[in-house]
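K.L.:
Structure file entry_2.cif, mmCIF, C-alpha atoms, is pasted below:
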data_input
#
loop_
_atom_site.group_PDB
_atom_site.id
_atom_site.type_symbol
_atom_site.label_atom_id
_atom_site.label_comp_id
_atom_site.auth_asym_id
_atom_site.auth_seq_id
_atom_site.Cartn_x
_atom_site.Cartn_y
_atom_site.Cartn_z
ATOM 1 C CA MET A 109 58.459 5.647 94.597
ATOM 2 C CA SER A 110 59.777 4.280 91.304
ATOM 3 C CA SER A 111 57.906 2.302 88.694
ATOM 4 C CA GLY A 112 59.238 -1.083 89.808
ATOM 5 C CA ASP A 113 58.509 -0.614 93.496
ATOM 6 C CA ARG A 114 56.157 -3.017 95.187
ATOM 7 C CA GLU A 115 53.741 -1.288 97.491
ATOM 8 C CA ALA A 116 51.383 -3.733 99.184
ATOM 9 C CA PHE A 117 51.774 -7.180 100.693
ATOM 10 C CA GLU A 118 49.525 -9.629 102.458
ATOM 11 C CA VAL A 119 50.814 -11.051 105.691
ATOM 12 C CA ARG A 120 49.135 -13.961 107.426
ATOM 13 C CA ALA A 121 49.236 -14.876 111.073
ATOM 14 C CA ILE A 122 51.495 -17.854 111.774
ATOM 15 C CA GLY A 123 50.110 -17.971 115.301
ATOM 16 C CA TRP A 124 48.409 -16.084 118.097
ATOM 17 C CA VAL A 125 49.327 -14.953 121.575
ATOM 18 C CA ARG A 126 47.444 -16.912 124.239
ATOM 19 C CA GLY A 127 47.237 -15.908 127.851
ATOM 20 C CA GLY A 128 49.207 -13.130 129.444
ATOM 21 C CA ARG A 129 47.357 -9.841 129.628
ATOM 22 C CA THR A 130 44.021 -9.095 128.091
ATOM 23 C CA GLU A 131 44.370 -5.301 128.097
ATOM 24 C CA PRO A 132 47.175 -3.228 126.541
ATOM 25 C CA VAL A 133 48.448 -1.460 129.633
ATOM 26 C CA ASP A 134 51.651 0.571 129.392
ATOM 27 C CA ASP A 135 54.032 -0.835 131.995
ATOM 28 C CA ALA A 136 55.369 -3.821 133.911
ATOM 29 C CA TRP A 137 55.458 -6.381 131.113
ATOM 30 C CA GLY A 138 58.660 -8.052 132.264
ATOM 31 C CA ALA A 139 57.128 -10.874 134.269
ATOM 32 C CA VAL A 140 54.219 -11.630 131.949
ATOM 33 C CA THR A 141 54.202 -15.234 130.729
ATOM 34 C CA SER A 142 52.282 -16.102 127.626
ATOM 35 C CA THR A 143 52.249 -18.700 124.895
ATOM 36 C CA ILE A 144 52.302 -18.404 121.131
ATOM 37 C CA GLU A 145 50.001 -20.957 119.565
ATOM 38 C CA LEU A 146 51.434 -21.765 116.136
ATOM 39 C CA ASP A 147 49.127 -22.337 113.187
ATOM 40 C CA GLY A 148 49.607 -25.804 111.730
ATOM 41 C CA ALA A 149 48.200 -24.549 108.420
ATOM 42 C CA GLN A 150 51.104 -22.117 108.041
ATOM 43 C CA LEU A 151 53.958 -24.086 109.590
ATOM 44 C CA ASP A 152 55.131 -27.678 109.603
ATOM 45 C CA PRO A 153 56.026 -29.172 112.997
ATOM 46 C CA GLU A 154 59.744 -28.974 112.087
ATOM 47 C CA ALA A 155 59.562 -25.170 111.811
ATOM 48 C CA VAL A 156 60.658 -24.894 115.448
ATOM 49 C CA ARG A 157 63.361 -27.555 115.356
ATOM 50 C CA GLY A 158 66.445 -26.267 117.158
ATOM 51 C CA LEU A 159 64.705 -23.164 118.458
ATOM 52 C CA ALA A 160 65.248 -24.259 122.065
ATOM 53 C CA GLY A 161 68.972 -23.697 121.507
ATOM 54 C CA PHE A 162 68.261 -19.972 121.739
ATOM 55 C CA SER A 163 67.456 -18.224 125.006
ATOM 56 C CA HIS A 164 65.488 -15.406 123.330
ATOM 57 C CA VAL A 165 63.252 -14.904 120.321
ATOM 58 C CA GLU A 166 62.159 -11.829 118.445
ATOM 59 C CA VAL A 167 58.400 -11.836 117.942
ATOM 60 C CA VAL A 168 56.845 -9.822 115.104
ATOM 61 C CA PHE A 169 53.160 -9.162 115.622
ATOM 62 C CA VAL A 170 50.244 -6.946 114.583
ATOM 63 C CA PHE A 171 48.593 -4.481 116.975
ATOM 64 C CA ASP A 172 45.239 -5.538 115.581
ATOM 65 C CA ARG A 173 43.197 -3.710 118.204
ATOM 66 C CA VAL A 174 44.327 -0.372 116.815
ATOM 67 C CA ALA A 175 41.713 0.853 114.337
ATOM 68 C CA GLU A 176 43.259 1.732 111.000
ATOM 69 C CA ALA A 177 41.561 5.124 111.183
ATOM 70 C CA SER A 178 43.479 5.980 114.352
ATOM 71 C CA VAL A 179 46.924 5.319 112.914
ATOM 72 C CA CYS A 180 49.240 8.310 113.366
ATOM 73 C CA ARG A 181 51.265 9.317 110.309
ATOM 74 C CA GLY A 182 52.809 12.446 111.776
ATOM 75 C CA ALA A 183 53.891 13.341 115.314
ATOM 76 C CA ARG A 184 52.421 12.885 118.809
ATOM 77 C CA ARG A 185 53.613 12.951 122.399
ATOM 78 C CA PRO A 186 54.595 9.488 123.674
ATOM 79 C CA ARG A 187 51.752 8.303 125.916
ATOM 80 C CA GLY A 188 50.280 11.810 125.604
ATOM 81 C CA ASN A 189 52.663 12.830 128.376
ATOM 82 C CA PRO A 190 52.976 16.655 128.395
ATOM 83 C CA ALA A 191 56.449 16.350 129.969
ATOM 84 C CA TRP A 192 57.771 14.664 126.831
ATOM 85 C CA PRO A 193 58.288 16.238 123.405
ATOM 86 C CA GLU A 194 56.050 15.734 120.426
ATOM 87 C CA VAL A 195 57.989 13.309 118.246
ATOM 88 C CA GLY A 196 57.280 11.552 114.985
ATOM 89 C CA ILE A 197 55.609 8.174 114.903
ATOM 90 C CA LEU A 198 58.823 6.682 113.479
ATOM 91 C CA ALA A 199 60.734 8.127 116.456
ATOM 92 C CA GLN A 200 58.668 6.175 118.986
ATOM 93 C CA ARG A 201 57.393 2.613 119.322
ATOM 94 C CA ALA A 202 53.721 3.463 119.874
ATOM 95 C CA ARG A 203 51.056 1.022 118.727
ATOM 96 C CA ASP A 204 49.131 3.415 116.484
ATOM 97 C CA ARG A 205 51.740 3.381 113.736
ATOM 98 C CA PRO A 206 51.528 2.715 110.004
ATOM 99 C CA ASN A 207 51.095 -1.044 109.432
ATOM 100 C CA ARG A 208 50.627 -1.501 113.217
ATOM 101 C CA ILE A 209 53.611 -3.866 113.439
ATOM 102 C CA GLY A 210 55.249 -4.577 116.787
ATOM 103 C CA THR A 211 58.574 -6.330 117.390
ATOM 104 C CA THR A 212 59.763 -7.526 120.775
ATOM 105 C CA VAL A 213 62.683 -9.586 122.005
ATOM 106 C CA CYS A 214 61.537 -11.885 124.809
ATOM 107 C CA ARG A 215 62.805 -14.863 126.727
ATOM 108 C CA LEU A 216 61.902 -18.288 125.354
ATOM 109 C CA VAL A 217 61.164 -20.696 128.178
ATOM 110 C CA ALA A 218 59.606 -23.708 126.453
ATOM 111 C CA VAL A 219 59.146 -25.172 122.995
ATOM 112 C CA ASP A 220 56.306 -27.670 122.768
ATOM 113 C CA PRO A 221 54.587 -29.051 119.671
ATOM 114 C CA GLY A 222 52.689 -26.137 118.146
ATOM 115 C CA ARG A 223 53.348 -23.874 121.088
ATOM 116 C CA LEU A 224 56.071 -21.551 122.390
ATOM 117 C CA THR A 225 56.125 -20.214 125.946
ATOM 118 C CA VAL A 226 57.715 -16.807 126.436
ATOM 119 C CA ILE A 227 58.294 -14.295 129.222
ATOM 120 C CA GLY A 228 58.152 -10.560 128.597
ATOM 121 C CA LEU A 229 56.140 -10.416 125.397
ATOM 122 C CA ASP A 230 54.266 -7.087 125.432
ATOM 123 C CA ALA A 231 51.332 -8.217 123.310
ATOM 124 C CA VAL A 232 47.878 -9.068 124.615
ATOM 125 C CA ASP A 233 45.947 -12.313 124.445
ATOM 126 C CA GLY A 234 44.744 -12.948 120.895
ATOM 127 C CA THR A 235 47.396 -10.842 119.144
ATOM 128 C CA PRO A 236 48.283 -12.204 115.681
ATOM 129 C CA VAL A 237 51.940 -13.200 115.356
ATOM 130 C CA VAL A 238 53.412 -12.912 111.844
ATOM 131 C CA ASP A 239 56.988 -14.031 112.508
ATOM 132 C CA VAL A 240 59.237 -15.526 115.174
ATOM 133 C CA LYS A 241 62.997 -15.229 114.741
ATOM 134 C CA PRO A 242 65.834 -16.395 116.964
ATOM 135 C CA TYR A 243 67.645 -13.585 118.749
ATOM 136 C CA LEU A 244 71.330 -13.563 117.827
ATOM 137 C CA PRO A 245 73.496 -11.217 119.881
ATOM 138 C CA GLY A 246 75.266 -10.270 116.648
ATOM 139 C CA PHE A 247 72.030 -8.649 115.482
ATOM 140 C CA GLY A 248 72.099 -6.208 118.363
ATOM 141 C CA PRO A 249 73.227 -2.619 117.692
ATOM 142 C CA ARG A 250 76.793 -2.163 116.450
ATOM 143 C CA GLY A 251 78.558 0.798 118.039
ATOM 144 C CA ASP A 252 77.555 3.083 120.882
ATOM 145 C CA VAL A 253 73.855 3.546 121.486
ATOM 146 C CA ARG A 254 72.251 6.911 122.179
ATOM 147 C CA GLN A 255 68.640 7.755 123.010
ATOM 148 C CA PRO A 256 66.850 10.912 124.157
ATOM 149 C CA ALA A 257 65.991 11.435 127.826
ATOM 150 C CA TRP A 258 62.254 10.893 127.347
ATOM 151 C CA ALA A 259 62.869 7.396 125.975
ATOM 152 C CA GLU A 260 64.946 6.414 128.969
ATOM 153 C CA GLU A 261 62.242 7.770 131.288
ATOM 154 C CA LEU A 262 59.530 5.873 129.423
ATOM 155 C CA MET A 263 61.374 2.595 129.783
ATOM 156 C CA ALA A 264 61.956 2.967 133.531
ATOM 157 C CA GLY A 265 58.857 0.965 134.443
ATOM 158 C CA TYR A 266 58.281 -0.892 131.204
ATOM 159 C CA TRP A 267 59.609 -4.281 132.217
ATOM 160 C CA MET N 228 42.972 -20.738 115.800
ATOM 161 C CA SER N 229 39.822 -19.507 117.508
ATOM 162 C CA SER N 230 36.759 -17.989 115.947
ATOM 163 C CA GLY N 231 37.705 -14.405 116.746
ATOM 164 C CA ASP N 232 41.270 -14.615 115.463
ATOM 165 C CA ARG N 233 42.298 -12.321 112.648
ATOM 166 C CA GLU N 234 44.326 -14.108 110.036
ATOM 167 C CA ALA N 235 45.348 -11.773 107.208
ATOM 168 C CA PHE N 236 46.533 -8.182 107.012
ATOM 169 C CA GLU N 237 47.630 -5.831 104.292
ATOM 170 C CA VAL N 238 50.866 -4.006 104.890
ATOM 171 C CA ARG N 239 51.989 -1.147 102.682
ATOM 172 C CA ALA N 240 55.485 0.092 102.060
ATOM 173 C CA ILE N 241 56.233 3.326 103.899
ATOM 174 C CA GLY N 242 59.454 3.631 101.903
ATOM 175 C CA TRP N 243 62.115 1.816 99.911
ATOM 176 C CA VAL N 244 65.797 1.096 100.351
ATOM 177 C CA ARG N 245 67.894 3.075 97.861
ATOM 178 C CA GLY N 246 71.526 2.380 97.109
ATOM 179 C CA GLY N 247 73.706 -0.013 99.017
ATOM 180 C CA ARG N 248 73.916 -3.457 97.466
ATOM 181 C CA THR N 249 71.946 -4.689 94.506
ATOM 182 C CA GLU N 250 72.413 -8.406 95.199
ATOM 183 C CA PRO N 251 71.549 -10.296 98.406
ATOM 184 C CA VAL N 252 74.994 -11.652 99.271
ATOM 185 C CA ASP N 253 75.464 -13.338 102.640
ATOM 186 C CA ASP N 254 78.256 -11.478 104.411
ATOM 187 C CA ALA N 255 80.063 -8.202 105.130
ATOM 188 C CA TRP N 256 77.040 -5.915 105.478
ATOM 189 C CA GLY N 257 78.527 -3.822 108.263
ATOM 190 C CA ALA N 258 79.950 -1.022 106.161
ATOM 191 C CA VAL N 259 77.125 -0.778 103.647
ATOM 192 C CA THR N 260 75.550 2.686 103.531
ATOM 193 C CA SER N 261 72.086 3.076 102.087
ATOM 194 C CA THR N 262 69.129 5.412 102.307
ATOM 195 C CA ILE N 263 65.500 4.789 103.029
ATOM 196 C CA GLU N 264 63.301 6.944 100.822
ATOM 197 C CA LEU N 265 60.093 7.575 102.734
ATOM 198 C CA ASP N 266 56.766 7.634 100.933
ATOM 199 C CA GLY N 267 55.051 11.002 101.350
ATOM 200 C CA ALA N 268 51.708 9.328 100.641
ATOM 201 C CA GLN N 269 52.074 7.182 103.774
ATOM 202 C CA LEU N 270 53.837 9.562 106.146
ATOM 203 C CA ASP N 271 53.675 13.245 106.980
ATOM 204 C CA PRO N 272 56.997 15.098 107.130
ATOM 205 C CA GLU N 273 56.717 15.235 110.951
ATOM 206 C CA ALA N 274 56.821 11.427 111.155
ATOM 207 C CA VAL N 275 60.596 11.589 111.615
ATOM 208 C CA ARG N 276 60.671 14.498 114.066
ATOM 209 C CA GLY N 277 63.077 13.701 116.891
ATOM 210 C CA LEU N 278 64.391 10.565 115.233
ATOM 211 C CA ALA N 279 67.906 12.021 115.038
ATOM 212 C CA GLY N 280 68.020 11.807 118.849
ATOM 213 C CA PHE N 281 68.527 8.058 118.439
ATOM 214 C CA SER N 282 71.789 6.517 117.236
ATOM 215 C CA HIS N 283 70.115 3.399 115.850
ATOM 216 C CA VAL N 284 66.860 2.400 114.221
ATOM 217 C CA GLU N 285 65.147 -0.921 113.736
ATOM 218 C CA VAL N 286 64.040 -1.359 110.133
ATOM 219 C CA VAL N 287 61.220 -3.766 109.278
ATOM 220 C CA PHE N 288 61.183 -4.754 105.617
ATOM 221 C CA VAL N 289 59.931 -7.345 103.139
ATOM 222 C CA PHE N 290 62.260 -9.757 101.323
ATOM 223 C CA ASP N 291 60.237 -9.183 98.178
ATOM 224 C CA ARG N 292 62.659 -10.988 95.864
ATOM 225 C CA VAL N 293 61.824 -14.284 97.537
ATOM 226 C CA ALA N 294 59.092 -15.988 95.506
ATOM 227 C CA GLU N 295 56.156 -16.999 97.670
ATOM 228 C CA ALA N 296 56.430 -20.521 96.270
ATOM 229 C CA SER N 297 59.945 -20.889 97.688
ATOM 230 C CA VAL N 298 59.019 -19.990 101.263
ATOM 231 C CA CYS N 299 60.165 -22.667 103.708
ATOM 232 C CA ARG N 300 57.603 -23.741 106.317
ATOM 233 C CA GLY N 301 59.617 -26.557 107.854
ATOM 234 C CA ALA N 302 63.358 -27.009 108.398
ATOM 235 C CA ARG N 303 66.496 -26.411 106.296
ATOM 236 C CA ARG N 304 70.236 -26.041 106.852
ATOM 237 C CA PRO N 305 71.256 -22.393 107.293
ATOM 238 C CA ARG N 306 72.873 -21.314 104.016
ATOM 239 C CA GLY N 307 72.703 -24.943 102.928
ATOM 240 C CA ASN N 308 75.917 -25.492 104.886
ATOM 241 C CA PRO N 309 76.381 -29.233 105.539
ATOM 242 C CA ALA N 310 78.463 -28.422 108.630
ATOM 243 C CA TRP N 311 75.417 -26.900 110.328
ATOM 244 C CA PRO N 312 72.325 -28.702 111.552
ATOM 245 C CA GLU N 313 68.969 -28.701 109.833
ATOM 246 C CA VAL N 314 66.896 -26.288 111.899
ATOM 247 C CA GLY N 315 63.401 -24.901 111.615
ATOM 248 C CA ILE N 316 62.690 -21.746 109.677
ATOM 249 C CA LEU N 317 61.680 -20.065 112.961
ATOM 250 C CA ALA N 318 65.062 -21.024 114.440
ATOM 251 C CA GLN N 319 67.002 -19.089 111.798
ATOM 252 C CA ARG N 320 66.738 -15.673 110.183
ATOM 253 C CA ALA N 321 66.766 -16.849 106.553
ATOM 254 C CA ARG N 322 64.944 -14.788 103.919
ATOM 255 C CA ASP N 323 62.692 -17.556 102.630
ATOM 256 C CA ARG N 324 60.414 -17.517 105.671
ATOM 257 C CA PRO N 325 56.652 -17.210 106.051
ATOM 258 C CA ASN N 326 55.636 -13.575 105.399
ATOM 259 C CA ARG N 327 59.221 -12.830 104.234
ATOM 260 C CA ILE N 328 59.691 -10.157 106.923
ATOM 261 C CA GLY N 329 63.155 -8.979 107.892
ATOM 262 C CA THR N 330 64.097 -6.840 110.888
ATOM 263 C CA THR N 331 67.493 -5.244 111.375
ATOM 264 C CA VAL N 332 68.958 -2.779 113.838
ATOM 265 C CA CYS N 333 71.281 -0.388 112.029
ATOM 266 C CA ARG N 334 73.056 2.876 112.675
ATOM 267 C CA LEU N 335 71.205 6.051 111.727
ATOM 268 C CA VAL N 336 73.607 8.610 110.312
ATOM 269 C CA ALA N 337 71.341 11.279 108.802
ATOM 270 C CA VAL N 338 67.717 12.358 108.824
ATOM 271 C CA ASP N 339 66.753 14.522 105.850
ATOM 272 C CA PRO N 340 63.291 15.419 104.581
ATOM 273 C CA GLY N 341 61.806 12.219 103.223
ATOM 274 C CA ARG N 342 65.028 10.305 103.585
ATOM 275 C CA LEU N 343 66.999 8.399 106.233
ATOM 276 C CA THR N 344 70.632 7.394 105.779
ATOM 277 C CA VAL N 345 71.743 4.237 107.561
ATOM 278 C CA ILE N 346 74.823 2.045 107.864
ATOM 279 C CA GLY N 347 74.594 -1.718 108.184
ATOM 280 C CA LEU N 348 71.142 -2.360 106.764
ATOM 281 C CA ASP N 349 71.217 -5.840 105.210
ATOM 282 C CA ALA N 350 68.540 -5.216 102.595
ATOM 283 C CA VAL N 351 69.165 -4.630 98.909
ATOM 284 C CA ASP N 352 68.352 -1.617 96.756
ATOM 285 C CA GLY N 353 64.598 -1.430 96.139
ATOM 286 C CA THR N 354 63.536 -3.398 99.224
ATOM 287 C CA PRO N 355 60.138 -2.258 100.566
ATOM 288 C CA VAL N 356 60.303 -0.918 104.128
ATOM 289 C CA VAL N 357 57.145 -1.358 106.198
ATOM 290 C CA ASP N 358 58.251 0.183 109.503
ATOM 291 C CA VAL N 359 61.068 2.143 111.112
ATOM 292 C CA LYS N 360 61.301 2.189 114.910
ATOM 293 C CA PRO N 361 63.826 3.839 117.196
ATOM 294 C CA TYR N 362 66.165 1.401 118.911
ATOM 295 C CA LEU N 363 65.858 1.703 122.687
ATOM 296 C CA PRO N 364 68.470 -0.221 124.681
ATOM 297 C CA GLY N 365 65.682 -1.261 127.042
ATOM 298 C CA PHE N 366 64.178 -3.305 124.222
ATOM 299 C CA GLY N 367 67.262 -5.464 124.004
ATOM 300 C CA PRO N 368 67.171 -8.958 125.540
ATOM 301 C CA ARG N 369 66.594 -9.153 129.293
ATOM 302 C CA GLY N 370 68.752 -11.758 131.014
ATOM 303 C CA ASP N 371 71.609 -13.878 129.735
ATOM 304 C CA VAL N 372 71.640 -14.670 126.045
ATOM 305 C CA ARG N 373 72.412 -18.103 124.666
ATOM 306 C CA GLN N 374 72.733 -19.252 121.041
ATOM 307 C CA PRO N 375 73.895 -22.462 119.356
ATOM 308 C CA ALA N 376 77.414 -22.751 117.930
ATOM 309 C CA TRP N 377 76.262 -22.639 114.287
ATOM 310 C CA ALA N 378 74.659 -19.223 114.830
ATOM 311 C CA GLU N 379 77.828 -17.773 116.273
ATOM 312 C CA GLU N 380 79.815 -19.208 113.345
ATOM 313 C CA LEU N 381 77.350 -17.779 110.836
ATOM 314 C CA MET N 382 77.647 -14.292 112.299
ATOM 315 C CA ALA N 383 81.456 -14.286 112.260
ATOM 316 C CA GLY N 384 81.657 -12.535 108.889
ATOM 317 C CA TYR N 385 78.180 -11.048 108.708
ATOM 318 C CA TRP N 386 79.009 -7.433 109.516
#
Could you render the structure from this file as structure tokens?
P.N.:
Amino acid sequence: MSSGDREAFEVRAIGWVRGGRTEPVDDAWGAVTSTIELDGAQLDPEAVRGLAGFSHVEVVFVFDRVAEASVCRGARRPRGNPAWPEVGILAQRARDRPNRIGTTVCRLVAVDPGRLTVIGLDAVDGTPVVDVKPYLPGFGPRGDVRQPAWAEELMAGYW
Amino acid sequence: MSSGDREAFEVRAIGWVRGGRTEPVDDAWGAVTSTIELDGAQLDPEAVRGLAGFSHVEVVFVFDRVAEASVCRGARRPRGNPAWPEVGILAQRARDRPNRIGTTVCRLVAVDPGRLTVIGLDAVDGTPVVDVKPYLPGFGPRGDVRQPAWAEELMAGYW
């Protein structure tokens, strides 16, 4: 780092996941419906104005059930699966990562006062949400996409 | 919120954007090349093992030049453009948002020890990076995507 670099930041929940699953299982998240209860202390009611014009949102959340002591800063096998290679924590989307931040694009099905209903959010009941952004197709990957075989295998049953 | 909800978290930079642009202009980010210098105090060298198997990464960063006092918690016009509607801060991807977190999918062109080179990262020189995840096509939106006209217009010159 350089002398002017900022190192640490506080983030505050702007809401919490309600409903959906209560345990962080690996697969079959696609049909899970849950709500995001927005915190009126962090957001004005107008913060969601116009959001219903988007079919999908990107939810940024904290895997708060992961103990900080169990965060991986090196490499591990995805899901501990011996058939898959040991890859770095930045080369996988595992929960036990530095800062424990998750991001997921999911379908937005309802916008009510103080509450968003989504389908396919892979975060358990009670998860702190730190941002919600609209999904714009233009923010998808530019150019051809390539991934290793293990990643494609892992996703086969994810949704 | 409920009694068990966690509200605040500390996140630490795992690296910083180096090079690319020095000013946060609005458009034409697509050809910008920059590097992410990883912090050896936060990550072991193996943290990026296997990352080169992915064509794209998702970078999570902090818009640290936005003063906390200027964060919008209600609605505003995107880019202040009078031709576009006033929409909530959660219905746009503006920088001055609660927690000031940005997420961008960009092309990964090189993985060197302690350093990633990317194209199309819309974050200025010095920006703190708090996570890097591989982009898996399966994490793209499921189902048809819809966005309002203003969003499509805004993206026309973005990359």
K.L.:
For this file, the PyMOL selection byres ((chain N) within 6 of (chain A)) selects which residues, as number ranges by chain?
P.N.:
N: 234-240, 270-271, 273-278, 280-282, 300-302, 314-320, 326, 332, 359-361, 368, 372-375
K.L.:
Please, what distance in Å, to one decimal, runs between CA of Leu335 (chain N) and CA of Gly246 (chain N)?
P.N.:
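Interatomic distance here is 15.1 Å.
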K.L.:
Rounded to one decimal place, report the CA of Asp220 (chain A)-CA of Arg129 (chain A) distance in Å.
P.N.:
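Taking CA of Asp220 (chain A) as the start and CA of Arg129 (chain A) as the end point, the length is 21.1 Å.
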K.L.:
List the residues selected by the PyMOL selection byres ((chain A and resi 144) around 6) in the file shown, writing them as an mmCIF file with C-alpha atoms, keeping the file's coordinate frame.
P.N.:
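As a result, part_8.cif now contains:
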data_model
loop_
_atom_site.group_PDB
_atom_site.id
_atom_site.type_symbol
_atom_site.label_atom_id
_atom_site.label_comp_id
_atom_site.auth_asym_id
_atom_site.auth_seq_id
_atom_site.Cartn_x
_atom_site.Cartn_y
_atom_site.Cartn_z
ATOM 1 C CA TRP A 124 48.409 -16.084 118.097
ATOM 2 C CA VAL A 125 49.327 -14.953 121.575
ATOM 3 C CA ARG A 126 47.444 -16.912 124.239
ATOM 4 C CA THR A 143 52.249 -18.700 124.895
ATOM 5 C CA GLU A 145 50.001 -20.957 119.565
ATOM 6 C CA ARG A 223 53.348 -23.874 121.088
ATOM 7 C CA LEU A 224 56.071 -21.551 122.390
#
K.L.:
Can you tell me, as a ChimeraX atom specification, what residues are no more than 9 Å from Gly384 (chain N) when counting all atoms listed in the file, ignoring any on the same chain fewer than 3 positions away?
P.N.:
/N:253-256,380-381
K.L.:
My list of candidates is A:Asn189, A:Asp204, A:Ala231, A:Trp258. Which is closest to Ser142 (chain A) when distances are computed with only C-alpha atoms?
P.N.:
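For Ser142 (chain A), the nearest of the given residues is A:Ala231.
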K.L.:
Please measure the separation of CA of Pro132 (chain A) and CA of Glu176 (chain A), giving the value in Å to one decimal.
P.N.:
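Those two atoms sit 16.8 Å apart.
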